[in-house]
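Printed here is target28.cif (mmCIF, C-alpha atoms):
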data_structure
#
loop_
_atom_site.label_atom_id
_atom_site.label_comp_id
_atom_site.auth_asym_id
_atom_site.auth_seq_id
_atom_site.Cartn_x
_atom_site.Cartn_y
_atom_site.Cartn_z
CA MET J 18 150.67 92.12 349.64
CA THR J 19 151.15 89.28 352.11
CA ARG J 20 148.81 86.43 353.00
CA TYR J 21 149.32 84.39 356.20
CA ASP J 22 148.56 80.73 355.49
CA ASN J 23 149.38 79.59 359.00
CA ASP J 24 151.73 80.34 361.86
CA VAL J 25 154.84 79.00 360.11
CA GLU J 26 154.37 79.98 356.47
CA ARG J 27 153.92 83.20 354.59
CA THR J 28 153.08 83.57 350.92
CA PHE J 29 154.03 86.76 349.11
CA LEU J 30 152.19 87.58 345.93
CA ALA J 31 154.32 88.07 342.82
CA LEU J 32 156.08 91.42 342.73
CA PRO J 33 155.96 93.65 339.64
CA PRO J 34 159.05 93.93 337.41
CA ALA J 35 161.92 95.81 339.02
CA GLN J 36 162.52 98.12 336.10
CA GLY J 37 164.56 101.17 336.87
CA ARG J 38 165.74 99.99 340.27
CA GLY J 39 168.21 97.57 341.77
CA PHE J 40 167.79 94.76 344.20
CA ALA J 41 168.61 94.79 347.91
CA GLN J 42 168.47 98.37 349.08
CA THR J 43 169.16 97.42 352.73
CA TRP J 44 172.47 96.15 354.00
CA TRP J 45 170.99 92.83 355.12
CA GLY J 46 169.38 92.34 351.71
CA ARG J 47 172.80 92.93 350.15
CA ALA J 48 174.34 90.40 352.52
CA TRP J 49 171.72 87.86 351.39
CA LEU J 50 172.66 88.37 347.74
CA LYS J 51 176.36 88.29 348.59
CA ALA J 52 175.89 84.76 349.95
CA LEU J 53 174.34 83.77 346.59
CA GLU J 54 176.87 85.53 344.36
CA ASP J 55 179.92 84.31 346.32
CA ALA J 56 178.83 80.66 346.29
CA ALA J 57 177.42 80.23 342.77
CA MET J 58 179.80 78.31 340.51
CA ASP J 59 178.38 79.80 337.31
CA THR J 60 178.16 83.59 337.35
CA ALA J 61 176.26 83.51 334.06
CA GLN J 62 173.40 81.73 335.84
CA VAL J 63 173.39 84.42 338.52
CA LYS J 64 173.09 87.09 335.83
CA THR J 65 170.28 85.12 334.16
CA GLY J 66 168.46 84.95 337.48
CA ARG J 67 168.82 88.69 337.98
CA ARG J 68 167.32 89.33 334.53
CA LEU J 69 164.42 86.95 335.21
CA ALA J 70 163.66 88.58 338.56
CA ARG J 71 163.87 92.05 337.07
CA ALA J 72 161.45 91.02 334.31
CA GLY J 73 158.85 89.81 336.83
CA ALA J 74 159.26 86.11 335.98
CA VAL J 75 159.10 84.99 339.63
CA GLY J 76 155.65 83.98 340.84
CA ALA J 77 154.28 84.00 344.38
CA VAL J 78 157.00 83.26 346.94
CA SER J 79 156.29 80.84 349.78
CA VAL J 80 158.48 81.30 352.87
CA ARG J 81 158.58 78.72 355.61
CA PRO J 82 161.21 77.49 358.07
CA GLY J 83 164.25 76.28 356.19
CA ARG J 84 162.86 76.78 352.69
CA ILE J 85 161.65 79.34 350.14
CA THR J 86 159.74 78.28 347.04
CA ALA J 87 158.42 79.90 343.87
CA VAL J 88 157.56 79.07 340.28
CA VAL J 89 159.90 80.83 337.85
CA GLN J 90 159.23 81.17 334.14
CA ASP J 91 161.98 81.01 331.55
CA ARG J 92 162.03 83.48 328.68
CA ASP J 93 160.17 80.87 326.61
CA ARG J 94 157.43 80.72 329.31
CA THR J 95 158.51 77.30 330.57
CA ALA J 96 157.68 77.11 334.29
CA HIS J 97 160.05 75.60 336.85
CA ARG J 98 159.65 75.09 340.58
CA ALA J 99 162.64 76.57 342.36
CA ASP J 100 163.50 76.00 346.02
CA VAL J 101 166.30 77.42 348.16
CA LEU J 102 167.04 75.80 351.51
CA LEU J 103 168.54 77.51 354.55
CA GLU J 104 169.45 75.76 357.79
CA GLN J 105 167.09 76.45 360.70
CA LEU J 106 168.30 77.59 364.10
CA SER J 107 167.99 75.13 366.94
CA ASP J 108 165.71 75.73 369.92
CA THR J 109 168.79 76.48 372.02
CA GLN J 110 169.98 79.06 369.51
CA TRP J 111 166.56 80.70 369.50
CA ASP J 112 166.62 80.93 373.29
CA HIS J 113 170.02 82.59 373.13
CA PHE J 114 168.73 84.99 370.47
CA VAL J 115 165.74 86.03 372.60
CA ASP J 116 167.92 86.51 375.68
CA MET J 117 170.40 88.56 373.67
CA ALA J 118 167.67 90.77 372.19
CA ILE J 119 166.10 91.41 375.59
CA GLU J 120 169.44 92.51 377.05
CA ARG J 121 169.56 95.38 374.56
CA SER J 122 166.21 97.04 374.09
CA GLY J 123 167.39 98.69 370.89
CA HIS J 124 167.36 95.29 369.19
CA VAL J 125 163.67 94.81 369.91
CA ALA J 126 162.83 98.35 368.85
CA ALA J 127 164.65 97.85 365.56
CA LEU J 128 162.85 94.60 364.77
CA LEU J 129 159.47 96.14 365.51
CA ASP J 130 160.42 98.94 363.12
CA ARG J 131 161.25 96.36 360.42
CA ASP J 132 164.94 97.11 360.72
CA MET J 133 167.96 94.88 361.28
CA PRO J 134 170.85 97.01 362.55
CA PRO J 135 174.39 95.66 362.17
CA HIS J 136 174.95 95.43 365.91
CA LEU J 137 171.99 93.03 366.24
CA VAL J 138 173.60 90.64 363.76
CA GLU J 139 176.98 91.08 365.45
CA ASP J 140 175.58 90.36 368.91
CA ALA J 141 173.80 87.29 367.56
CA ALA J 142 177.00 86.03 365.93
CA ALA J 143 178.86 86.53 369.21
CA ALA J 144 176.23 84.29 370.82
CA GLY J 145 176.80 81.58 368.17
CA ILE J 146 173.80 82.51 366.02
CA ASP J 147 174.28 83.23 362.32
CA LEU J 148 171.17 85.09 361.19
CA LEU J 149 172.43 86.01 357.74
CA PRO J 150 173.57 83.27 355.39
CA GLY J 151 177.20 82.92 354.45
CA MET J 152 178.92 81.36 351.47
CA GLY J 153 177.34 78.01 350.65
CA ASP J 154 174.44 78.39 353.10
CA LEU J 155 171.82 78.88 350.36
CA GLU J 156 171.25 75.37 348.99
CA PRO J 157 169.42 75.24 345.63
CA GLU J 158 166.84 72.74 344.39
CA CYS J 159 165.17 73.09 340.97
CA ASP J 160 163.21 70.74 338.73
CA CYS J 161 165.32 71.89 335.76
CA GLY J 162 167.93 69.40 336.97
CA ALA J 163 170.78 71.81 337.73
CA TRP J 164 173.03 70.65 340.56
CA ASP J 165 174.20 74.19 341.42
CA HIS J 166 172.35 77.49 341.46
CA CYS J 167 170.55 77.91 338.15
CA GLY J 168 168.83 80.97 336.73
CA HIS J 169 165.59 79.92 338.46
CA THR J 170 166.98 79.61 342.01
CA ALA J 171 169.06 82.77 341.50
CA ALA J 172 165.91 84.64 340.39
CA LEU J 173 164.16 83.42 343.53
CA CYS J 174 167.01 84.72 345.70
CA TYR J 175 166.91 88.13 344.01
CA GLN J 176 163.17 88.34 344.55
CA VAL J 177 163.53 87.38 348.21
CA ALA J 178 166.09 90.18 348.61
CA ARG J 179 163.29 92.63 347.78
CA LEU J 180 161.09 90.96 350.41
CA LEU J 181 163.87 91.15 353.00
CA ASP J 182 164.22 94.86 352.30
CA GLN J 183 160.62 95.31 353.38
CA ASP J 184 160.60 92.97 356.37
CA PRO J 185 163.58 91.27 358.11
CA PHE J 186 161.12 88.93 359.85
CA VAL J 187 161.12 87.02 356.55
CA LEU J 188 164.70 85.98 357.36
CA LEU J 189 163.73 84.97 360.90
CA LEU J 190 160.95 82.80 359.47
CA MET J 191 163.44 81.08 357.16
CA ARG J 192 165.59 80.47 360.21
CA GLY J 193 162.68 78.75 361.94
CA ARG J 194 160.44 81.22 363.79
CA ALA J 195 157.41 83.19 362.64
CA GLU J 196 157.01 86.83 363.62
CA ASN J 197 154.33 86.14 366.24
CA ALA J 198 156.47 83.45 367.82
CA VAL J 199 159.46 85.76 368.07
CA LEU J 200 157.46 88.60 369.61
CA ASP J 201 155.69 86.27 372.03
CA ALA J 202 159.05 84.92 373.18
CA LEU J 203 160.37 88.42 373.70
CA GLN J 204 157.33 89.30 375.81
CA THR J 205 157.41 86.07 377.79
CA HIS J 206 161.12 86.10 378.60
CA GLY J 207 161.47 89.85 379.05
CA SER J 208 160.63 91.90 382.09
CA ALA J 209 158.37 94.19 380.05
CA PRO J 210 156.12 93.87 377.00
CA ALA J 211 157.84 94.18 373.65
CA GLU J 212 156.07 97.48 372.94
CA GLU J 213 157.42 98.97 376.18
CA VAL J 214 160.92 97.66 375.52
CA ALA J 215 160.79 99.09 372.01
CA SER J 216 160.03 102.55 373.39
CA ARG J 217 163.46 102.66 375.02
CA THR J 218 166.49 103.57 372.95
CA GLU J 219 170.10 102.59 373.35
CA GLY J 220 173.32 103.71 371.80
CA VAL J 221 175.37 101.58 369.43
CA ASP J 222 179.05 100.93 369.95
CA ALA J 223 181.06 102.32 367.03
CA ALA J 224 183.17 99.16 366.71
CA GLU J 225 180.03 97.09 366.25
CA ALA J 226 178.58 99.45 363.68
CA TYR J 227 181.75 99.30 361.57
CA ALA J 228 182.27 95.55 361.97
CA VAL J 229 180.08 94.69 359.00
CA GLY J 230 181.34 97.39 356.66
CA GLN J 231 181.84 94.92 353.82
CA VAL J 232 178.07 94.44 353.45
CA LEU J 233 176.89 97.97 354.14
CA PRO J 234 175.13 99.71 351.25
CA PRO J 235 176.92 102.46 349.35
CA LEU J 236 176.49 106.06 350.37
CA PRO J 237 173.36 107.74 349.02
CA ALA J 238 173.59 109.97 346.00
CA PRO J 239 174.71 113.55 346.74
CA PRO J 240 171.89 116.03 347.26
CA GLY J 241 170.78 118.18 344.39
CA LEU J 242 172.02 121.76 344.36
CA ARG J 243 169.48 124.55 344.47
CA VAL J 244 169.69 127.33 341.92
CA GLY J 245 170.72 129.82 344.58
CA PRO J 246 171.26 130.09 348.35
CA GLY J 247 168.33 130.11 350.70
CA VAL J 248 166.86 133.28 352.13
CA PRO J 249 167.62 133.80 355.85
CA PRO J 250 164.67 134.53 358.14
CA SER J 251 163.64 138.12 358.69
CA LEU J 252 165.01 139.80 361.79
CA GLU J 253 162.34 142.47 361.90
CA THR J 254 160.55 142.27 365.24
CA GLU J 255 158.73 144.63 367.52
CA VAL J 256 161.43 144.22 370.17
CA ALA J 257 164.23 146.77 370.19
CA PRO J 258 167.67 145.23 369.48
CA PRO J 259 170.31 145.17 372.25
CA PRO J 260 172.73 148.11 372.35
CA GLY J 261 175.41 147.87 369.68
CA VAL J 262 173.49 145.34 367.55
CA ASP J 263 172.35 146.43 364.11
CA PRO J 264 169.66 144.09 362.70
CA SER J 265 170.54 145.10 359.15
CA ASP J 266 174.16 144.05 359.72
CA LEU J 267 173.04 140.70 361.13
CA ALA J 268 170.74 140.19 358.15
CA PHE J 269 173.64 140.95 355.81
CA LEU J 270 175.95 138.47 357.59
CA ALA J 271 173.28 135.76 357.45
CA SER J 272 172.74 136.38 353.74
CA ARG J 273 176.47 136.23 352.95
CA THR J 274 176.86 133.08 355.04
CA ALA J 275 174.11 131.40 353.04
CA ALA J 276 175.76 132.48 349.79
CA GLU J 277 179.17 131.16 350.88
CA ALA J 278 177.65 127.85 352.02
CA HIS J 279 175.97 127.50 348.62
CA ARG J 280 179.29 128.16 346.86
CA LEU J 281 181.15 125.60 349.00
CA LEU J 282 178.45 122.99 348.39
CA ALA J 283 178.60 123.61 344.64
CA GLU J 284 182.36 123.02 344.74
CA ALA J 285 181.95 119.86 346.83
CA LEU J 286 179.44 118.41 344.36
CA ARG J 287 181.60 119.16 341.33
CA SER J 288 183.09 116.09 339.63
CA GLY J 289 186.60 115.31 340.84
CA HIS J 290 186.35 117.49 343.94
CA GLY J 291 187.37 114.59 346.18
CA ARG J 292 190.74 114.33 344.40
CA GLN J 293 191.61 117.98 344.85
CA ALA J 294 193.86 119.26 347.60
CA VAL J 295 192.19 121.06 350.48
CA GLY J 296 192.92 124.76 350.29
CA PRO J 297 193.90 126.88 353.28
CA GLU J 298 191.30 128.51 355.45
CA PRO J 299 190.76 132.20 354.60
CA THR J 300 192.41 134.68 356.92
CA VAL J 301 190.44 137.31 358.78
CA ALA J 302 191.76 139.96 356.37
CA GLN J 303 190.63 137.90 353.34
CA ASP J 304 187.22 137.20 354.81
CA ALA J 305 186.72 140.89 355.48
CA VAL J 306 187.19 141.56 351.75
CA ARG J 307 184.77 138.75 350.87
CA LEU J 308 182.12 140.35 353.06
CA ALA J 309 182.86 143.82 351.73
CA ALA J 310 182.36 142.50 348.19
CA GLY J 311 178.76 141.74 349.15
CA ASP J 312 177.87 145.45 349.32
CA PRO J 313 177.19 145.92 353.04
CA GLY J 314 176.00 149.19 354.52
CA PRO J 315 178.41 152.07 355.13
CA GLY J 316 178.75 151.32 358.83
CA MET J 317 179.75 147.70 358.31
CA LEU J 318 182.05 148.65 355.44
CA ASP J 319 183.96 150.98 357.77
CA ARG J 320 184.21 148.26 360.41
CA LEU J 321 185.48 145.73 357.85
CA GLY J 322 188.17 148.17 356.72
CA GLU J 323 189.27 148.93 360.26
CA GLY J 324 189.19 145.28 361.30
CA SER J 325 191.36 144.22 358.34
CA GLY J 326 193.80 147.12 358.62
CA ARG J 327 192.82 148.78 355.33
CA THR J 328 191.90 152.33 354.50
CA PRO J 329 188.64 152.86 352.60
CA GLU J 330 190.63 153.28 349.36
CA GLU J 331 192.64 150.09 350.00
CA LEU J 332 189.49 148.14 350.82
CA ALA J 333 187.82 149.37 347.61
CA VAL J 334 190.76 148.10 345.53
CA ALA J 335 190.81 144.82 347.44
CA VAL J 336 187.09 144.33 346.74
CA ARG J 337 187.77 145.02 343.07
CA ALA J 338 190.40 142.27 343.04
CA TRP J 339 188.14 139.85 344.91
CA ARG J 340 185.37 140.27 342.37
CA LEU J 341 187.83 139.50 339.58
CA GLY J 342 189.27 136.33 341.08
CA GLY J 343 188.57 135.74 344.75
CA ALA J 344 191.37 134.94 347.17
CA ALA J 345 193.89 134.29 344.35
CA ALA J 346 193.38 137.75 342.87
CA LEU J 347 193.56 139.34 346.31
CA SER J 348 196.88 137.61 346.97
CA VAL J 349 198.29 138.94 343.68
CA LEU J 350 197.21 142.45 344.68
CA GLU J 351 198.65 142.49 348.18
CA GLU J 352 201.51 139.98 348.17
CA GLY J 353 204.64 139.99 346.05
CA TRP J 354 206.93 137.00 345.63
CA ALA J 355 210.32 136.32 344.11
CA VAL J 356 210.20 134.55 340.74
CA GLU J 357 213.27 132.33 340.48
CA GLY J 358 214.67 129.20 338.85
CA ASP J 359 212.48 127.26 336.43
CA THR J 360 209.50 129.51 337.17
CA LEU J 361 211.45 132.56 336.07
CA ALA J 362 212.67 130.77 332.94
CA ARG J 363 209.11 129.81 331.98
CA ALA J 364 207.89 133.37 332.60
CA ARG J 365 210.61 134.85 330.39
CA ALA J 366 209.86 132.32 327.66
CA ALA J 367 206.17 133.21 327.78
CA LEU J 368 206.98 136.91 327.51
CA GLU J 369 209.39 136.33 324.62
CA SER J 370 206.90 134.30 322.60
CA ALA J 371 203.81 136.43 323.33
CA TRP J 372 204.64 139.17 320.78
CA GLU J 373 206.49 139.56 317.53
CA GLU J 374 209.90 141.06 318.11
CA ASP J 375 208.96 144.43 316.67
CA GLU J 376 205.74 144.59 318.71
CA ARG J 377 207.07 143.46 322.08
CA PRO J 378 206.65 146.18 324.75
CA SER J 379 209.54 147.19 326.93
CA LEU J 380 209.01 145.64 330.35
CA ARG J 381 210.77 146.35 333.64
CA ALA J 382 210.70 143.35 336.03
CA ARG J 383 210.55 143.50 339.80
CA ALA J 384 209.65 140.36 341.79
CA ASN J 385 206.50 138.92 340.16
CA ARG J 386 205.57 142.19 338.47
CA TRP J 387 206.42 143.34 334.95
CA THR J 388 205.69 147.05 334.30
CA VAL J 389 205.42 148.49 330.80
CA VAL J 390 207.99 151.24 330.41
CA GLY J 391 206.33 154.53 329.58
CA ALA J 392 202.76 153.25 330.05
CA PRO J 393 200.45 152.85 333.07
CA HIS J 394 200.17 149.08 332.53
CA GLN J 395 201.53 146.15 334.49
CA LEU J 396 201.47 142.36 334.46
CA ARG J 397 201.55 140.31 337.66
CA LEU J 398 202.36 136.61 337.71
CA ASP J 399 200.72 134.28 340.23
CA PRO J 400 202.20 130.97 341.51
CA ASP J 401 199.98 129.02 339.08
CA GLY J 402 201.57 130.69 336.06
CA ARG J 403 198.69 133.03 335.27
CA TRP J 404 199.09 136.70 334.31
CA TRP J 405 196.92 139.39 335.86
CA PRO J 406 196.49 142.82 334.19
CA TYR J 407 196.95 146.01 336.24
CA ARG J 408 196.66 149.72 335.55
CA ARG J 409 197.94 152.67 337.50
CA GLU J 410 195.11 154.93 338.65
CA HIS J 411 195.50 157.93 340.99
CA GLY J 412 198.97 156.80 341.99
CA ARG J 413 197.91 153.23 342.81
CA TRP J 414 198.14 149.96 340.86
CA VAL J 415 194.68 148.38 340.55
CA PRO J 416 193.51 145.16 338.86
CA VAL J 417 191.51 145.65 335.67
CA GLY J 418 190.75 142.13 334.47
CA GLY J 419 190.82 138.44 335.12
CA ALA J 420 193.85 136.18 334.78
CA ALA J 421 195.12 134.81 331.46
CA ARG J 422 197.70 132.18 330.55
CA ASP J 423 199.05 134.39 327.77
CA PRO J 424 200.76 137.62 328.91
CA ALA J 425 199.87 139.41 325.67
CA THR J 426 196.19 138.69 326.24
CA ALA J 427 196.41 139.99 329.80
CA LEU J 428 198.20 143.15 328.76
CA ALA J 429 195.69 143.77 325.98
CA SER J 430 192.83 143.58 328.48
CA ALA J 431 194.58 146.16 330.64
CA ALA J 432 194.79 148.52 327.68
CA LEU J 433 191.24 147.87 326.53
CA ALA J 434 189.94 148.69 330.00
CA THR J 435 190.85 152.33 329.38
CA GLY J 436 191.12 152.50 325.59
CA ASP J 437 194.95 152.72 325.60
CA GLU J 438 197.40 150.85 323.43
CA PRO J 439 199.46 148.20 325.22
#
Serialized structure, structure tokens:
Amino acid sequence: MTRYDNDVERTFLALPPAQGRGFAQTWWGRAWLKALEDAAMDTAQVKTGRRLARAGAVGAVSVRPGRITAVVQDRDRTAHRADVLLEQLSDTQWDHFVDMAIERSGHVAALLDRDMPPHLVEDAAAAGIDLLPGMGDLEPECDCGAWDHCGHTAALCYQVARLLDQDPFVLLLMRGRAENAVLDALQTHGSAPAEEVASRTEGVDAAEAYAVGQVLPPLPAPPGLRVGPGVPPSLETEVAPPPGVDPSDLAFLASRTAAEAHRLLAEALRSGHGRQAVGPEPTVAQDAVRLAAGDPGPGMLDRLGEGSGRTPEELAVAVRAWRLGGAAALSVLEEGWAVEGDTLARARAALESAWEEDERPSLRARANRWTVVGAPHQLRLDPDGRWWPYRREHGRWVPVGGAARDPATALASAALATGDEP
């Protein structure tokens, strides 16, 4: 709550303890604290002040031009009067500030909305007006006798940061003008009332917005991930669809798009995602298999096969691979590659060590594929060193399990899929 004592002083009742939250959520509040933390000679005193403010040890805060005051209690309940002084702007500087704000209506609108955008501060600085304090601008005075910032003056600054978050006019009052005086000046000097000016919006130059990046707050926490993708709106209407448009196909595409967006978001929110390389965009042929794996209707399934150049049988096998391992498994199914050099040496070593000598199957190698001699089983190696199990069915090699680092494990899964011995 706030009580107005007169036109040039405001008294803020003591705030409750700041448990479970930090100080200075706005960028200008952070800039205020940066001026304190950069200038204080004793960082231990700054930390003490933060603890006192968090514990609710700061009493009512009086704000007037050039000075803020509060009584701060030590941990032993000893009370100290703490003051922090800030230089006031001159009358000439205030005139320049008003003229500058009137020139850009967005400045006035922001102030009326209790906001202080970076470009307002930048424009003021360009006009020779430093609204926010810099290093050494916050001058401490405390009856504890400290010559520099003590825990009491630091606590006062932390508490004022919370007040600045709520209302940037507190800073303007410290600089010498009350809220009513500022708004009256804007109305008097401007060609329109402040309310009318505030109703107009104006863009912000990108260079100005980025100019104060060192005091901008951190990015907000990532959004929480829902359990599953959202449900697209129903397309059932009383209006007949245009020729060639199947509402059920559109509904299917919308549903699969939502599912893919949910998967991509889950990957983006996973720890360490920002340090991973960006994978290639899926090809049209790959995306057709992804959609086919979502069980579309017969008509769309035929179109996906035709559009990707696959027969119905080839599309069915491709879908089987996709469900086992996505794009990586599909690549192993449809693309062969020459295994050479160190990669070939590692593959041979893995095959040699996977079985005892008397149990090792006879394998015939061709490119990245090792076929068991005399059995309908095959191992395929991917570029990441993983082995994929395959089985020959109706004259075609088809995947029968997920990838494994151990070739013996992969081959065993191929045999178990049909009850054979590897």
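The closest residue to Glu139 of chain J, picked from J:Pro378, J:Ala127, J:Met117, J:Gly66 and counting all atoms listed in the file, is J:Met117.
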Expected selection from the PyMOL selection byres ((chain J and resi 31) around 10), given as a CSV table (one decimal) with C-alpha atoms, in the frame of the given file:
chain,number,residue,atom,x,y,z
J,18,MET,CA,150.7,92.1,349.6
J,19,THR,CA,151.2,89.3,352.1
J,28,THR,CA,153.1,83.6,350.9
J,29,PHE,CA,154.0,86.8,349.1
J,30,LEU,CA,152.2,87.6,345.9
J,32,LEU,CA,156.1,91.4,342.7
J,33,PRO,CA,156.0,93.6,339.6
J,34,PRO,CA,159.0,93.9,337.4
J,73,GLY,CA,158.8,89.8,336.8
J,74,ALA,CA,159.3,86.1,336.0
J,75,VAL,CA,159.1,85.0,339.6
J,76,GLY,CA,155.6,84.0,340.8
J,77,ALA,CA,154.3,84.0,344.4
J,78,VAL,CA,157.0,83.3,346.9
J,87,ALA,CA,158.4,79.9,343.9
J,88,VAL,CA,157.6,79.1,340.3
J,176,GLN,CA,163.2,88.3,344.6
Original post:
What do you get, as a ChimeraX atom specification, if you spell out every residue that the PyMOL selection byres ((chain J and resi 399-414) around 7) selects here?
Top reply: /J:349,393-398,415-424,427-428,430-431
Residues from the last selection, C-alpha atoms, saved as a JSON list (two decimals), in the coordinates of the input:
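Generated output (part34.json):
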[["chain", "number", "residue", "atom", "x", "y", "z"],
["J", 349, "VAL", "CA", 198.29, 138.94, 343.68],
["J", 393, "PRO", "CA", 200.45, 152.85, 333.07],
["J", 394, "HIS", "CA", 200.17, 149.08, 332.53],
["J", 395, "GLN", "CA", 201.53, 146.15, 334.49],
["J", 396, "LEU", "CA", 201.47, 142.36, 334.46],
["J", 397, "ARG", "CA", 201.55, 140.31, 337.66],
["J", 398, "LEU", "CA", 202.36, 136.61, 337.71],
["J", 415, "VAL", "CA", 194.68, 148.38, 340.55],
["J", 416, "PRO", "CA", 193.51, 145.16, 338.86],
["J", 417, "VAL", "CA", 191.51, 145.65, 335.67],
["J", 418, "GLY", "CA", 190.75, 142.13, 334.47],
["J", 419, "GLY", "CA", 190.82, 138.44, 335.12],
["J", 420, "ALA", "CA", 193.85, 136.18, 334.78],
["J", 421, "ALA", "CA", 195.12, 134.81, 331.46],
["J", 422, "ARG", "CA", 197.70, 132.18, 330.55],
["J", 423, "ASP", "CA", 199.05, 134.39, 327.77],
["J", 424, "PRO", "CA", 200.76, 137.62, 328.91],
["J", 427, "ALA", "CA", 196.41, 139.99, 329.80],
["J", 428, "LEU", "CA", 198.20, 143.15, 328.76],
["J", 430, "SER", "CA", 192.83, 143.58, 328.48],
["J", 431, "ALA", "CA", 194.58, 146.16, 330.64]]
Original post:
How would you write, as JSON, numbers by chain, the residues chosen by the PyMOL selection byres ((chain J and resi 279) around 9) on this structure?
Top reply: {"J": [242, 243, 245, 246, 247, 274, 275, 276, 277, 278, 280, 281, 282, 283, 284]}
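For the residues J:Val177, J:Ala238, J:Ile146, J:Ala294, ranking by smallest atom-to-atom distance to Arg192 of chain J using all atoms listed in the file places J:Ile146 first.
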Subject >> Minimum-distance residue to Val336 of chain J, chosen among J:Ser288, J:Ser251, J:Thr360, J:Gln303 (using all atoms listed in the file) >> reply: J:Gln303
Subject >> Shortest interatomic distance to Arg340 of chain J - which of J:Asp312, J:Asp147, J:Asp130, J:Asp154, counting only C-alpha atoms >> reply: J:Asp312
Set the distance at 12 Å and use all atoms listed in the file: which residues neighbour Leu361 of chain J once local chain neighbours fewer than 5 positions away are removed? I'd like the list as an mmCIF file with C-alpha atoms, in the frame of the given file.
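Output file result_2.cif is given in full below:
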data_model
loop_
_atom_site.group_PDB
_atom_site.id
_atom_site.type_symbol
_atom_site.label_atom_id
_atom_site.label_comp_id
_atom_site.auth_asym_id
_atom_site.auth_seq_id
_atom_site.Cartn_x
_atom_site.Cartn_y
_atom_site.Cartn_z
ATOM 1 C CA TRP J 354 206.930 137.000 345.630
ATOM 2 C CA ALA J 355 210.320 136.320 344.110
ATOM 3 C CA VAL J 356 210.200 134.550 340.740
ATOM 4 C CA ALA J 366 209.860 132.320 327.660
ATOM 5 C CA ALA J 367 206.170 133.210 327.780
ATOM 6 C CA LEU J 368 206.980 136.910 327.510
ATOM 7 C CA ALA J 382 210.700 143.350 336.030
ATOM 8 C CA ARG J 383 210.550 143.500 339.800
ATOM 9 C CA ALA J 384 209.650 140.360 341.790
ATOM 10 C CA ASN J 385 206.500 138.920 340.160
ATOM 11 C CA ARG J 386 205.570 142.190 338.470
ATOM 12 C CA TRP J 387 206.420 143.340 334.950
ATOM 13 C CA LEU J 398 202.360 136.610 337.710
ATOM 14 C CA ASP J 399 200.720 134.280 340.230
ATOM 15 C CA PRO J 400 202.200 130.970 341.510
ATOM 16 C CA GLY J 402 201.570 130.690 336.060
#
**OP:** Tell me, in Å to one decimal, how far atom CA of Arg363 of chain J is from atom CA of Ser379 of chain J.
**Re:** 18.1 Å
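The residue that comes closest to Arg92 of chain J, out of J:Thr205, J:Gln105, J:Gln110, J:Thr65 and on the basis of only C-alpha atoms, is J:Thr65.
The closest residue to Glu104 of chain J, picked from J:Gly151, J:Pro134, J:Gly291, J:Gly261 and counting all atoms listed in the file, is J:Gly151.
The coordinates place atom CA of Pro297 of chain J at 18.2 Å from atom CA of Ser325 of chain J.
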Distance query Ala171 of chain J at most 9 Å, all atoms listed in the file, self and fewer than 2 positions along chain excluded, as a PDB file with C-alpha atoms, in the frame of the given file:
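Once written, around-v7.pdb looks like this:
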ATOM      1  CA  LEU J  53     174.340  83.770 346.590  1.00  0.00           C
ATOM      2  CA  GLU J  54     176.870  85.530 344.360  1.00  0.00           C
ATOM      3  CA  ALA J  57     177.420  80.230 342.770  1.00  0.00           C
ATOM      4  CA  GLN J  62     173.400  81.730 335.840  1.00  0.00           C
ATOM      5  CA  VAL J  63     173.390  84.420 338.520  1.00  0.00           C
ATOM      6  CA  LYS J  64     173.090  87.090 335.830  1.00  0.00           C
ATOM      7  CA  THR J  65     170.280  85.120 334.160  1.00  0.00           C
ATOM      8  CA  GLY J  66     168.460  84.950 337.480  1.00  0.00           C
ATOM      9  CA  ARG J  67     168.820  88.690 337.980  1.00  0.00           C
ATOM     10  CA  LEU J  69     164.420  86.950 335.210  1.00  0.00           C
ATOM     11  CA  ALA J  70     163.660  88.580 338.560  1.00  0.00           C
ATOM     12  CA  ALA J  99     162.640  76.570 342.360  1.00  0.00           C
ATOM     13  CA  VAL J 101     166.300  77.420 348.160  1.00  0.00           C
ATOM     14  CA  PRO J 157     169.420  75.240 345.630  1.00  0.00           C
ATOM     15  CA  HIS J 166     172.350  77.490 341.460  1.00  0.00           C
ATOM     16  CA  CYS J 167     170.550  77.910 338.150  1.00  0.00           C
ATOM     17  CA  GLY J 168     168.830  80.970 336.730  1.00  0.00           C
ATOM     18  CA  HIS J 169     165.590  79.920 338.460  1.00  0.00           C
ATOM     19  CA  LEU J 173     164.160  83.420 343.530  1.00  0.00           C
ATOM     20  CA  CYS J 174     167.010  84.720 345.700  1.00  0.00           C
ATOM     21  CA  TYR J 175     166.910  88.130 344.010  1.00  0.00           C
ATOM     22  CA  GLN J 176     163.170  88.340 344.550  1.00  0.00           C
TER      23      GLN J 176
END
**OP:** Give me, please, the distance in Å between atom CA of Val25 of chain J and atom CA of Gly145 of chain J, quoted to one decimal.
**Re:** 23.5 Å
Produce the centre coordinates and the three edge lengths, each in Å to one decimal, of the box along x, y and z that contains all listed atoms of segment 88-91 of chain J with 8 Å added on each side, as lines of an AutoDock Vina configuration file.
center_x = 159.8
center_y = 80.1
center_z = 335.9
size_x = 20.4
size_y = 18.1
size_z = 24.7
Original post:
Using only C-alpha atoms, which residues sit within 10 Å of Leu308 of chain J once same-chain residues fewer than 2 positions away are excluded, as number ranges by chain?
Top reply: J: 269-270, 273-274, 277, 303-306, 310-313, 317-318, 321, 336
Subject >> Local residues around (170.5, 89.8, 356.9), at most 12 Å away, using all atoms listed in the file, as number ranges by chain >> reply: J: 41-52, 128, 131-139, 141-142, 147-151, 177-189, 191-192, 229, 232-233
